[in-house]
$ cat run-v1.cif   # mmCIF, N, CA and C atoms
data_my_file
loop_
_atom_site.group_PDB
_atom_site.id
_atom_site.type_symbol
_atom_site.label_atom_id
_atom_site.label_comp_id
_atom_site.auth_asym_id
_atom_site.auth_seq_id
_atom_site.Cartn_x
_atom_site.Cartn_y
_atom_site.Cartn_z
ATOM 1 N N MET G 1 92.000 -82.573 0.970
ATOM 2 C CA MET G 1 90.590 -82.308 1.085
ATOM 3 C C MET G 1 90.242 -81.082 0.257
ATOM 4 N N ASP G 2 89.174 -81.159 -0.500
ATOM 5 C CA ASP G 2 88.749 -80.066 -1.357
ATOM 6 C C ASP G 2 87.903 -79.082 -0.554
ATOM 7 N N THR G 3 88.404 -77.873 -0.361
ATOM 8 C CA THR G 3 87.695 -76.878 0.444
ATOM 9 C C THR G 3 86.555 -76.226 -0.321
ATOM 10 N N HIS G 4 86.485 -76.438 -1.622
ATOM 11 C CA HIS G 4 85.440 -75.810 -2.428
ATOM 12 C C HIS G 4 84.220 -76.706 -2.617
ATOM 13 N N SER G 5 84.212 -77.883 -2.030
ATOM 14 C CA SER G 5 83.115 -78.810 -2.262
ATOM 15 C C SER G 5 81.875 -78.479 -1.438
ATOM 16 N N LYS G 6 82.040 -77.837 -0.282
ATOM 17 C CA LYS G 6 80.904 -77.525 0.571
ATOM 18 C C LYS G 6 80.674 -76.018 0.609
ATOM 19 N N PRO G 7 79.423 -75.593 0.532
ATOM 20 C CA PRO G 7 79.164 -74.162 0.710
ATOM 21 C C PRO G 7 79.418 -73.770 2.166
ATOM 22 N N PRO G 8 79.720 -72.503 2.409
ATOM 23 C CA PRO G 8 79.972 -72.099 3.797
ATOM 24 C C PRO G 8 78.733 -72.302 4.658
ATOM 25 N N LYS G 9 78.954 -72.608 5.915
ATOM 26 C CA LYS G 9 77.844 -72.800 6.840
ATOM 27 C C LYS G 9 77.141 -71.466 7.058
ATOM 28 N N LEU G 10 75.890 -71.561 7.480
ATOM 29 C CA LEU G 10 75.063 -70.370 7.638
ATOM 30 C C LEU G 10 75.718 -69.337 8.546
ATOM 31 N N MET G 11 76.163 -69.736 9.709
ATOM 32 C CA MET G 11 76.718 -68.755 10.644
ATOM 33 C C MET G 11 78.023 -68.151 10.130
ATOM 34 N N ASP G 12 78.788 -68.894 9.339
ATOM 35 C CA ASP G 12 79.975 -68.327 8.699
ATOM 36 C C ASP G 12 79.562 -67.257 7.691
ATOM 37 N N ARG G 13 78.480 -67.518 6.975
ATOM 38 C CA ARG G 13 77.967 -66.528 6.018
ATOM 39 C C ARG G 13 77.461 -65.284 6.741
ATOM 40 N N VAL G 14 76.790 -65.485 7.876
ATOM 41 C CA VAL G 14 76.300 -64.345 8.660
ATOM 42 C C VAL G 14 77.474 -63.485 9.105
ATOM 43 N N ARG G 15 78.497 -64.116 9.696
ATOM 44 C CA ARG G 15 79.663 -63.368 10.168
ATOM 45 C C ARG G 15 80.365 -62.634 9.035
ATOM 46 N N ALA G 16 80.542 -63.307 7.915
ATOM 47 C CA ALA G 16 81.221 -62.682 6.772
ATOM 48 C C ALA G 16 80.442 -61.470 6.268
ATOM 49 N N THR G 17 79.130 -61.590 6.191
ATOM 50 C CA THR G 17 78.303 -60.483 5.713
ATOM 51 C C THR G 17 78.346 -59.316 6.693
ATOM 52 N N LEU G 18 78.283 -59.611 7.984
ATOM 53 C CA LEU G 18 78.375 -58.553 8.989
ATOM 54 C C LEU G 18 79.714 -57.819 8.883
ATOM 55 N N ARG G 19 80.780 -58.553 8.642
ATOM 56 C CA ARG G 19 82.107 -57.936 8.559
ATOM 57 C C ARG G 19 82.263 -57.109 7.291
ATOM 58 N N VAL G 20 81.747 -57.620 6.179
ATOM 59 C CA VAL G 20 81.819 -56.858 4.922
ATOM 60 C C VAL G 20 81.065 -55.541 5.067
ATOM 61 N N LYS G 21 79.951 -55.577 5.772
ATOM 62 C CA LYS G 21 79.139 -54.380 5.973
ATOM 63 C C LYS G 21 79.610 -53.544 7.158
ATOM 64 N N ARG G 22 80.730 -53.958 7.768
ATOM 65 C CA ARG G 22 81.416 -53.209 8.811
ATOM 66 C C ARG G 22 80.570 -52.989 10.062
ATOM 67 N N TYR G 23 79.820 -54.005 10.455
ATOM 68 C CA TYR G 23 79.109 -53.955 11.725
ATOM 69 C C TYR G 23 80.131 -54.110 12.847
ATOM 70 N N SER G 24 79.815 -53.604 14.014
ATOM 71 C CA SER G 24 80.752 -53.683 15.144
ATOM 72 C C SER G 24 80.885 -55.132 15.615
ATOM 73 N N PRO G 25 82.010 -55.473 16.220
ATOM 74 C CA PRO G 25 82.180 -56.834 16.757
ATOM 75 C C PRO G 25 81.105 -57.195 17.778
ATOM 76 N N ARG G 26 80.680 -56.229 18.577
ATOM 77 C CA ARG G 26 79.638 -56.492 19.580
ATOM 78 C C ARG G 26 78.298 -56.800 18.906
ATOM 79 N N THR G 27 77.979 -56.084 17.854
ATOM 80 C CA THR G 27 76.743 -56.357 17.108
ATOM 81 C C THR G 27 76.827 -57.728 16.453
ATOM 82 N N GLU G 28 77.984 -58.062 15.916
ATOM 83 C CA GLU G 28 78.180 -59.385 15.310
ATOM 84 C C GLU G 28 77.918 -60.484 16.340
ATOM 85 N N LYS G 29 78.479 -60.331 17.515
ATOM 86 C CA LYS G 29 78.302 -61.329 18.570
ATOM 87 C C LYS G 29 76.827 -61.457 18.956
ATOM 88 N N THR G 30 76.152 -60.335 19.116
ATOM 89 C CA THR G 30 74.747 -60.340 19.520
ATOM 90 C C THR G 30 73.854 -60.913 18.429
ATOM 91 N N TYR G 31 74.056 -60.490 17.182
ATOM 92 C CA TYR G 31 73.244 -61.005 16.069
ATOM 93 C C TYR G 31 73.428 -62.514 15.934
ATOM 94 N N CYS G 32 74.655 -62.988 16.025
ATOM 95 C CA CYS G 32 74.909 -64.432 15.915
ATOM 96 C C CYS G 32 74.224 -65.196 17.038
ATOM 97 N N TYR G 33 74.288 -64.663 18.253
ATOM 98 C CA TYR G 33 73.615 -65.295 19.384
ATOM 99 C C TYR G 33 72.107 -65.374 19.124
ATOM 100 N N LEU G 34 71.511 -64.264 18.712
ATOM 101 C CA LEU G 34 70.054 -64.223 18.507
ATOM 102 C C LEU G 34 69.618 -65.129 17.353
ATOM 103 N N ILE G 35 70.395 -65.192 16.299
ATOM 104 C CA ILE G 35 70.065 -66.063 15.168
ATOM 105 C C ILE G 35 70.153 -67.529 15.586
ATOM 106 N N ARG G 36 71.200 -67.885 16.338
ATOM 107 C CA ARG G 36 71.306 -69.265 16.834
ATOM 108 C C ARG G 36 70.146 -69.599 17.764
ATOM 109 N N TYR G 37 69.759 -68.656 18.618
ATOM 110 C CA TYR G 37 68.637 -68.854 19.534
ATOM 111 C C TYR G 37 67.343 -69.071 18.746
ATOM 112 N N PHE G 38 67.133 -68.282 17.697
ATOM 113 C CA PHE G 38 65.963 -68.426 16.824
ATOM 114 C C PHE G 38 65.922 -69.823 16.195
ATOM 115 N N ILE G 39 67.058 -70.289 15.713
ATOM 116 C CA ILE G 39 67.138 -71.607 15.078
ATOM 117 C C ILE G 39 66.843 -72.711 16.098
ATOM 118 N N ARG G 40 67.432 -72.620 17.274
ATOM 119 C CA ARG G 40 67.180 -73.619 18.321
ATOM 120 C C ARG G 40 65.732 -73.572 18.804
ATOM 121 N N PHE G 41 65.164 -72.378 18.901
ATOM 122 C CA PHE G 41 63.775 -72.223 19.339
ATOM 123 C C PHE G 41 62.831 -73.012 18.430
ATOM 124 N N HIS G 42 63.162 -73.080 17.155
ATOM 125 C CA HIS G 42 62.323 -73.787 16.190
ATOM 126 C C HIS G 42 62.855 -75.183 15.859
ATOM 127 N N GLY G 43 63.510 -75.812 16.810
ATOM 128 C CA GLY G 43 63.919 -77.202 16.643
ATOM 129 C C GLY G 43 65.016 -77.423 15.635
ATOM 130 N N VAL G 44 65.946 -76.509 15.538
ATOM 131 C CA VAL G 44 67.117 -76.593 14.656
ATOM 132 C C VAL G 44 66.707 -76.685 13.184
ATOM 133 N N ARG G 45 65.657 -75.986 12.841
ATOM 134 C CA ARG G 45 65.266 -75.875 11.428
ATOM 135 C C ARG G 45 66.096 -74.781 10.769
ATOM 136 N N HIS G 46 66.388 -74.961 9.490
ATOM 137 C CA HIS G 46 67.136 -73.937 8.763
ATOM 138 C C HIS G 46 66.220 -72.746 8.521
ATOM 139 N N PRO G 47 66.713 -71.523 8.731
ATOM 140 C CA PRO G 47 65.866 -70.338 8.539
ATOM 141 C C PRO G 47 65.281 -70.209 7.134
ATOM 142 N N ALA G 48 65.946 -70.767 6.136
ATOM 143 C CA ALA G 48 65.411 -70.688 4.767
ATOM 144 C C ALA G 48 64.082 -71.418 4.642
ATOM 145 N N SER G 49 63.824 -72.370 5.533
ATOM 146 C CA SER G 49 62.563 -73.114 5.495
ATOM 147 C C SER G 49 61.489 -72.468 6.376
ATOM 148 N N MET G 50 61.818 -71.327 6.973
ATOM 149 C CA MET G 50 60.873 -70.630 7.847
ATOM 150 C C MET G 50 60.571 -69.253 7.269
ATOM 151 N N GLY G 51 59.646 -68.559 7.896
ATOM 152 C CA GLY G 51 59.278 -67.235 7.415
ATOM 153 C C GLY G 51 58.701 -66.371 8.515
ATOM 154 N N GLY G 52 57.795 -65.488 8.118
ATOM 155 C CA GLY G 52 57.221 -64.512 9.022
ATOM 156 C C GLY G 52 56.531 -65.103 10.231
ATOM 157 N N ALA G 53 55.817 -66.207 10.055
ATOM 158 C CA ALA G 53 55.094 -66.814 11.170
ATOM 159 C C ALA G 53 56.055 -67.289 12.262
ATOM 160 N N GLU G 54 57.176 -67.858 11.852
ATOM 161 C CA GLU G 54 58.155 -68.347 12.827
ATOM 162 C C GLU G 54 58.856 -67.177 13.526
ATOM 163 N N VAL G 55 59.116 -66.109 12.780
ATOM 164 C CA VAL G 55 59.717 -64.923 13.385
ATOM 165 C C VAL G 55 58.758 -64.328 14.407
ATOM 166 N N ARG G 56 57.487 -64.230 14.053
ATOM 167 C CA ARG G 56 56.482 -63.711 14.980
ATOM 168 C C ARG G 56 56.426 -64.558 16.251
ATOM 169 N N ALA G 57 56.411 -65.886 16.112
ATOM 170 C CA ALA G 57 56.357 -66.776 17.273
ATOM 171 C C ALA G 57 57.579 -66.570 18.164
ATOM 172 N N PHE G 58 58.741 -66.388 17.565
ATOM 173 C CA PHE G 58 59.961 -66.174 18.335
ATOM 174 C C PHE G 58 59.913 -64.845 19.093
ATOM 175 N N LEU G 59 59.498 -63.783 18.416
ATOM 176 C CA LEU G 59 59.414 -62.474 19.058
ATOM 177 C C LEU G 59 58.367 -62.479 20.168
ATOM 178 N N GLU G 60 57.284 -63.186 19.942
ATOM 179 C CA GLU G 60 56.240 -63.346 20.961
ATOM 180 C C GLU G 60 56.815 -64.073 22.182
ATOM 181 N N HIS G 61 57.572 -65.116 21.932
ATOM 182 C CA HIS G 61 58.218 -65.869 23.020
ATOM 183 C C HIS G 61 59.136 -64.970 23.842
ATOM 184 N N LEU G 62 59.917 -64.147 23.163
ATOM 185 C CA LEU G 62 60.832 -63.256 23.879
ATOM 186 C C LEU G 62 60.071 -62.313 24.800
ATOM 187 N N ALA G 63 58.950 -61.765 24.316
ATOM 188 C CA ALA G 63 58.193 -60.790 25.107
ATOM 189 C C ALA G 63 57.400 -61.443 26.222
ATOM 190 N N VAL G 64 56.714 -62.542 25.920
ATOM 191 C CA VAL G 64 55.769 -63.131 26.871
ATOM 192 C C VAL G 64 56.453 -64.118 27.821
ATOM 193 N N GLU G 65 57.227 -65.033 27.274
ATOM 194 C CA GLU G 65 57.849 -66.079 28.108
ATOM 195 C C GLU G 65 59.137 -65.588 28.772
ATOM 196 N N ARG G 66 59.999 -65.003 27.992
ATOM 197 C CA ARG G 66 61.298 -64.556 28.519
ATOM 198 C C ARG G 66 61.230 -63.184 29.167
ATOM 199 N N ARG G 67 60.216 -62.399 28.815
ATOM 200 C CA ARG G 67 60.004 -61.059 29.370
ATOM 201 C C ARG G 67 61.235 -60.168 29.188
ATOM 202 N N VAL G 68 61.776 -60.177 27.975
ATOM 203 C CA VAL G 68 62.954 -59.364 27.680
ATOM 204 C C VAL G 68 62.555 -57.898 27.559
ATOM 205 N N ALA G 69 63.538 -57.030 27.623
ATOM 206 C CA ALA G 69 63.320 -55.601 27.429
ATOM 207 C C ALA G 69 62.971 -55.336 25.964
ATOM 208 N N ALA G 70 62.318 -54.208 25.737
ATOM 209 C CA ALA G 70 61.927 -53.830 24.373
ATOM 210 C C ALA G 70 63.142 -53.748 23.453
ATOM 211 N N ALA G 71 64.249 -53.225 23.973
ATOM 212 C CA ALA G 71 65.463 -53.109 23.154
ATOM 213 C C ALA G 71 65.970 -54.475 22.709
ATOM 214 N N THR G 72 65.857 -55.470 23.558
ATOM 215 C CA THR G 72 66.288 -56.832 23.207
ATOM 216 C C THR G 72 65.396 -57.413 22.126
ATOM 217 N N GLN G 73 64.090 -57.223 22.270
ATOM 218 C CA GLN G 73 63.165 -57.720 21.253
ATOM 219 C C GLN G 73 63.412 -57.008 19.918
ATOM 220 N N ASN G 74 63.651 -55.709 19.965
ATOM 221 C CA ASN G 74 63.938 -54.955 18.739
ATOM 222 C C ASN G 74 65.232 -55.436 18.093
ATOM 223 N N GLN G 75 66.234 -55.731 18.900
ATOM 224 C CA GLN G 75 67.499 -56.211 18.337
ATOM 225 C C GLN G 75 67.332 -57.593 17.716
ATOM 226 N N ALA G 76 66.495 -58.432 18.338
ATOM 227 C CA ALA G 76 66.223 -59.749 17.755
ATOM 228 C C ALA G 76 65.537 -59.587 16.401
ATOM 229 N N LEU G 77 64.576 -58.681 16.318
ATOM 230 C CA LEU G 77 63.908 -58.428 15.038
ATOM 231 C C LEU G 77 64.908 -57.931 14.004
ATOM 232 N N ASN G 78 65.773 -56.999 14.382
ATOM 233 C CA ASN G 78 66.784 -56.485 13.455
ATOM 234 C C ASN G 78 67.736 -57.586 12.988
ATOM 235 N N ALA G 79 68.140 -58.468 13.895
ATOM 236 C CA ALA G 79 69.038 -59.565 13.536
ATOM 237 C C ALA G 79 68.378 -60.487 12.520
ATOM 238 N N LEU G 80 67.098 -60.778 12.717
ATOM 239 C CA LEU G 80 66.407 -61.683 11.805
ATOM 240 C C LEU G 80 66.115 -61.025 10.457
ATOM 241 N N VAL G 81 65.797 -59.751 10.467
ATOM 242 C CA VAL G 81 65.617 -59.033 9.202
ATOM 243 C C VAL G 81 66.935 -59.017 8.438
ATOM 244 N N PHE G 82 68.045 -58.782 9.135
ATOM 245 C CA PHE G 82 69.370 -58.824 8.512
ATOM 246 C C PHE G 82 69.619 -60.203 7.901
ATOM 247 N N LEU G 83 69.326 -61.255 8.664
ATOM 248 C CA LEU G 83 69.541 -62.619 8.192
ATOM 249 C C LEU G 83 68.790 -62.866 6.890
ATOM 250 N N TYR G 84 67.511 -62.532 6.870
ATOM 251 C CA TYR G 84 66.701 -62.828 5.691
ATOM 252 C C TYR G 84 67.050 -61.932 4.508
ATOM 253 N N ARG G 85 67.269 -60.654 4.737
ATOM 254 C CA ARG G 85 67.551 -59.727 3.628
ATOM 255 C C ARG G 85 68.970 -59.847 3.103
ATOM 256 N N GLN G 86 69.940 -59.824 4.008
ATOM 257 C CA GLN G 86 71.338 -59.714 3.600
ATOM 258 C C GLN G 86 72.039 -61.052 3.384
ATOM 259 N N VAL G 87 71.677 -62.065 4.154
ATOM 260 C CA VAL G 87 72.395 -63.342 4.079
ATOM 261 C C VAL G 87 71.640 -64.335 3.194
ATOM 262 N N LEU G 88 70.364 -64.544 3.494
ATOM 263 C CA LEU G 88 69.586 -65.530 2.737
ATOM 264 C C LEU G 88 69.022 -64.966 1.445
ATOM 265 N N ASP G 89 68.974 -63.635 1.337
ATOM 266 C CA ASP G 89 68.405 -62.968 0.160
ATOM 267 C C ASP G 89 67.023 -63.547 -0.153
ATOM 268 N N GLN G 90 66.225 -63.586 0.883
ATOM 269 C CA GLN G 90 64.903 -64.225 0.806
ATOM 270 C C GLN G 90 63.904 -63.308 1.515
ATOM 271 N N PRO G 91 62.731 -63.119 0.918
ATOM 272 C CA PRO G 91 61.747 -62.275 1.606
ATOM 273 C C PRO G 91 61.290 -62.926 2.907
ATOM 274 N N LEU G 92 61.174 -62.116 3.931
ATOM 275 C CA LEU G 92 60.745 -62.611 5.230
ATOM 276 C C LEU G 92 59.248 -62.858 5.249
ATOM 277 N N GLY G 93 58.518 -62.106 4.481
ATOM 278 C CA GLY G 93 57.073 -62.249 4.482
ATOM 279 C C GLY G 93 56.467 -61.418 5.593
ATOM 280 N N ASP G 94 55.178 -61.507 5.734
ATOM 281 C CA ASP G 94 54.460 -60.715 6.723
ATOM 282 C C ASP G 94 54.642 -61.323 8.106
ATOM 283 N N ILE G 95 55.153 -60.520 9.015
ATOM 284 C CA ILE G 95 55.324 -60.976 10.392
ATOM 285 C C ILE G 95 54.002 -60.866 11.141
ATOM 286 N N GLY G 96 53.226 -59.857 10.842
ATOM 287 C CA GLY G 96 51.941 -59.668 11.499
ATOM 288 C C GLY G 96 52.099 -59.063 12.883
ATOM 289 N N GLU G 97 51.047 -59.139 13.657
ATOM 290 C CA GLU G 97 51.024 -58.566 14.998
ATOM 291 C C GLU G 97 51.665 -59.530 16.005
ATOM 292 N N PHE G 98 52.394 -58.965 16.954
ATOM 293 C CA PHE G 98 52.957 -59.769 18.032
ATOM 294 C C PHE G 98 53.054 -58.899 19.276
ATOM 295 N N SER G 99 53.113 -59.535 20.425
ATOM 296 C CA SER G 99 53.219 -58.811 21.691
ATOM 297 C C SER G 99 54.538 -58.072 21.741
ATOM 298 N N ARG G 100 54.473 -56.819 22.138
ATOM 299 C CA ARG G 100 55.675 -56.012 22.255
ATOM 300 C C ARG G 100 56.148 -56.013 23.699
ATOM 301 N N ALA G 101 57.442 -56.119 23.865
ATOM 302 C CA ALA G 101 58.027 -56.042 25.202
ATOM 303 C C ALA G 101 57.964 -54.599 25.685
ATOM 304 N N TYR G 102 57.900 -54.436 26.976
ATOM 305 C CA TYR G 102 57.911 -53.099 27.559
ATOM 306 C C TYR G 102 59.341 -52.658 27.787
ATOM 307 N N GLY G 103 59.518 -51.379 28.052
ATOM 308 C CA GLY G 103 60.834 -50.764 28.182
ATOM 309 C C GLY G 103 61.818 -51.503 29.062
ATOM 310 N N SER G 104 61.413 -51.906 30.246
ATOM 311 C CA SER G 104 62.367 -52.521 31.169
ATOM 312 C C SER G 104 62.284 -54.044 31.150
ATOM 313 N N GLY G 105 61.327 -54.585 30.416
ATOM 314 C CA GLY G 105 61.146 -56.013 30.430
ATOM 315 C C GLY G 105 60.181 -56.457 31.524
ATOM 316 N N LEU G 106 59.808 -55.534 32.393
ATOM 317 C CA LEU G 106 58.868 -55.854 33.480
ATOM 318 C C LEU G 106 57.507 -55.253 33.143
ATOM 319 N N ARG G 107 56.490 -56.008 33.360
ATOM 320 C CA ARG G 107 55.154 -55.527 33.062
ATOM 321 C C ARG G 107 54.455 -55.092 34.340
ATOM 322 N N LEU G 108 53.820 -53.966 34.261
ATOM 323 C CA LEU G 108 53.059 -53.466 35.400
ATOM 324 C C LEU G 108 51.642 -53.991 35.307
ATOM 325 N N ILE G 109 51.126 -54.458 36.421
ATOM 326 C CA ILE G 109 49.766 -55.008 36.418
ATOM 327 C C ILE G 109 48.840 -54.029 37.104
#
$ encode --input "run-v1.cif" --output "structure tokens"
Amino acid sequence: MDTHSKPPKLMDRVRATLRVKRYSPRTEKTYCYLIRYFIRFHGVRHPASMGGAEVRAFLEHLAVERRVAAATQNQALNALVFLYRQVLDQPLGDIGEFSRAYGSGLRLI
């Protein structure tokens, strides 16, 4: 079997790039989880076919539907910026305004 016939899969490229840039194993695990979650959230579309609007919708979902902590939403944004800049080498485009998660993930009414 010719191993050079297929380009590496996206998540293999993400892991390789994280390792070359010497990110911690824990960050690698978290970024990979968040990127896979982003892809599944949008119906298993390849991130290269998506942009700022899809990232905004995902971050909005995390804050409003999942009610994650602000740190989790920030890490998801960082993971996606890493994906687009470092792995896909593609501009993310304008994300625009989105709901921000609160510190603990719980909203006071």
$ residues_around --input "run-v1.cif" --residues "Ala63 of chain G" --least-positions-apart "5" --cutoff "6 Å" --atoms "only N, CA and C atoms" --output "list of chain:residue names"
G:Val68, G:Ser99, G:Arg100, G:Ala101
$ write_last_selection --input "run-v1.cif" --atoms "N, CA and C atoms" --output "PDB file, in the coordinates of the input"
ATOM      1  N   VAL G  68      61.776 -60.177  27.975  1.00  0.00           N
ATOM      2  CA  VAL G  68      62.954 -59.364  27.680  1.00  0.00           C
ATOM      3  C   VAL G  68      62.555 -57.898  27.559  1.00  0.00           C
ATOM      4  N   SER G  99      53.113 -59.535  20.425  1.00  0.00           N
ATOM      5  CA  SER G  99      53.219 -58.811  21.691  1.00  0.00           C
ATOM      6  C   SER G  99      54.538 -58.072  21.741  1.00  0.00           C
ATOM      7  N   ARG G 100      54.473 -56.819  22.138  1.00  0.00           N
ATOM      8  CA  ARG G 100      55.675 -56.012  22.255  1.00  0.00           C
ATOM      9  C   ARG G 100      56.148 -56.013  23.699  1.00  0.00           C
ATOM     10  N   ALA G 101      57.442 -56.119  23.865  1.00  0.00           N
ATOM     11  CA  ALA G 101      58.027 -56.042  25.202  1.00  0.00           C
ATOM     12  C   ALA G 101      57.964 -54.599  25.685  1.00  0.00           C
TER      13      ALA G 101
END
$ resolve_selection --input "run-v1.cif" --expression "the PyMOL selection byres ((chain G and resi 47-50) around 8)" --output "list of chain:residue names"
G:Phe38, G:Ile39, G:Val44, G:Arg45, G:His46, G:Gly51, G:Gly52, G:Ala53, G:Glu54, G:Val55, G:Tyr84, G:Leu88, G:Gln90, G:Pro91, G:Leu92, G:Gly93
$ atom_distance --input "run-v1.cif" --atom1 "atom CA of Glu65 of chain G" --atom2 "atom C of Arg26 of chain G"
24.3 Å
$ resolve_selection --input "run-v1.cif" --expression "the PyMOL selection byres ((chain G and resi 97) around 8)" --output "PyMOL selection string"
chain G and resi 56-57+60+94-96+98-100
$ resolve_selection --input "run-v1.cif" --expression "the PyMOL selection byres (((chain G and resi 35 and name CA) around 9) and name CA)" --output "list in words"
Met11, Thr30, Tyr31, Cys32, Tyr33, Leu34, Arg36, Tyr37, Phe38, Ile39, Arg40, Pro47, Ala76, Ala79, Leu80 and Leu83 of chain G
$ write_last_selection --input "run-v1.cif" --atoms "N, CA and C atoms" --output "compact mmCIF listing (two decimals), in the frame of the given file"
# COMPACT_ATOMS: atom_id res chain seq x y z
N MET G 11 76.16 -69.74 9.71
CA MET G 11 76.72 -68.76 10.64
C MET G 11 78.02 -68.15 10.13
N THR G 30 76.15 -60.34 19.12
CA THR G 30 74.75 -60.34 19.52
C THR G 30 73.85 -60.91 18.43
N TYR G 31 74.06 -60.49 17.18
CA TYR G 31 73.24 -61.00 16.07
C TYR G 31 73.43 -62.51 15.93
N CYS G 32 74.66 -62.99 16.02
CA CYS G 32 74.91 -64.43 15.92
C CYS G 32 74.22 -65.20 17.04
N TYR G 33 74.29 -64.66 18.25
CA TYR G 33 73.61 -65.30 19.38
C TYR G 33 72.11 -65.37 19.12
N LEU G 34 71.51 -64.26 18.71
CA LEU G 34 70.05 -64.22 18.51
C LEU G 34 69.62 -65.13 17.35
N ARG G 36 71.20 -67.89 16.34
CA ARG G 36 71.31 -69.26 16.83
C ARG G 36 70.15 -69.60 17.76
N TYR G 37 69.76 -68.66 18.62
CA TYR G 37 68.64 -68.85 19.53
C TYR G 37 67.34 -69.07 18.75
N PHE G 38 67.13 -68.28 17.70
CA PHE G 38 65.96 -68.43 16.82
C PHE G 38 65.92 -69.82 16.20
N ILE G 39 67.06 -70.29 15.71
CA ILE G 39 67.14 -71.61 15.08
C ILE G 39 66.84 -72.71 16.10
N ARG G 40 67.43 -72.62 17.27
CA ARG G 40 67.18 -73.62 18.32
C ARG G 40 65.73 -73.57 18.80
N PRO G 47 66.71 -71.52 8.73
CA PRO G 47 65.87 -70.34 8.54
C PRO G 47 65.28 -70.21 7.13
N ALA G 76 66.50 -58.43 18.34
CA ALA G 76 66.22 -59.75 17.76
C ALA G 76 65.54 -59.59 16.40
N ALA G 79 68.14 -58.47 13.90
CA ALA G 79 69.04 -59.56 13.54
C ALA G 79 68.38 -60.49 12.52
N LEU G 80 67.10 -60.78 12.72
CA LEU G 80 66.41 -61.68 11.80
C LEU G 80 66.11 -61.02 10.46
N LEU G 83 69.33 -61.26 8.66
CA LEU G 83 69.54 -62.62 8.19
C LEU G 83 68.79 -62.87 6.89
$ atom_distance --input "run-v1.cif" --atom1 "atom C of Phe41 of chain G" --atom2 "atom CA of Leu59 of chain G"
11.1 Å
$ axis_aligned_box --input "run-v1.cif" --around "segment 29-46 of chain G" --padding-each-side "3 Å" --output "AutoDock Vina command-line options"
--center_x 70.4 --center_y -68.9 --center_z 14.0 --size_x 22.2 --size_y 23.1 --size_z 17.0
$ select_by_dssp --input "run-v1.cif" --residues "chain G" --states "helix (DSSP H, G or I)" --output "ChimeraX atom specification"
/G:10-20,25-41,47-49,52-64,70-87
$ atom_distance --input "run-v1.cif" --atom1 "atom N of Arg15 of chain G" --atom2 "atom N of Gln86 of chain G"
11.1 Å
$ closest_residue --input "run-v1.cif" --among "G:Val20, G:Asn78, G:Ala70, G:Arg13" --to "Tyr102 of chain G" --atoms "only N, CA and C atoms"
G:Ala70
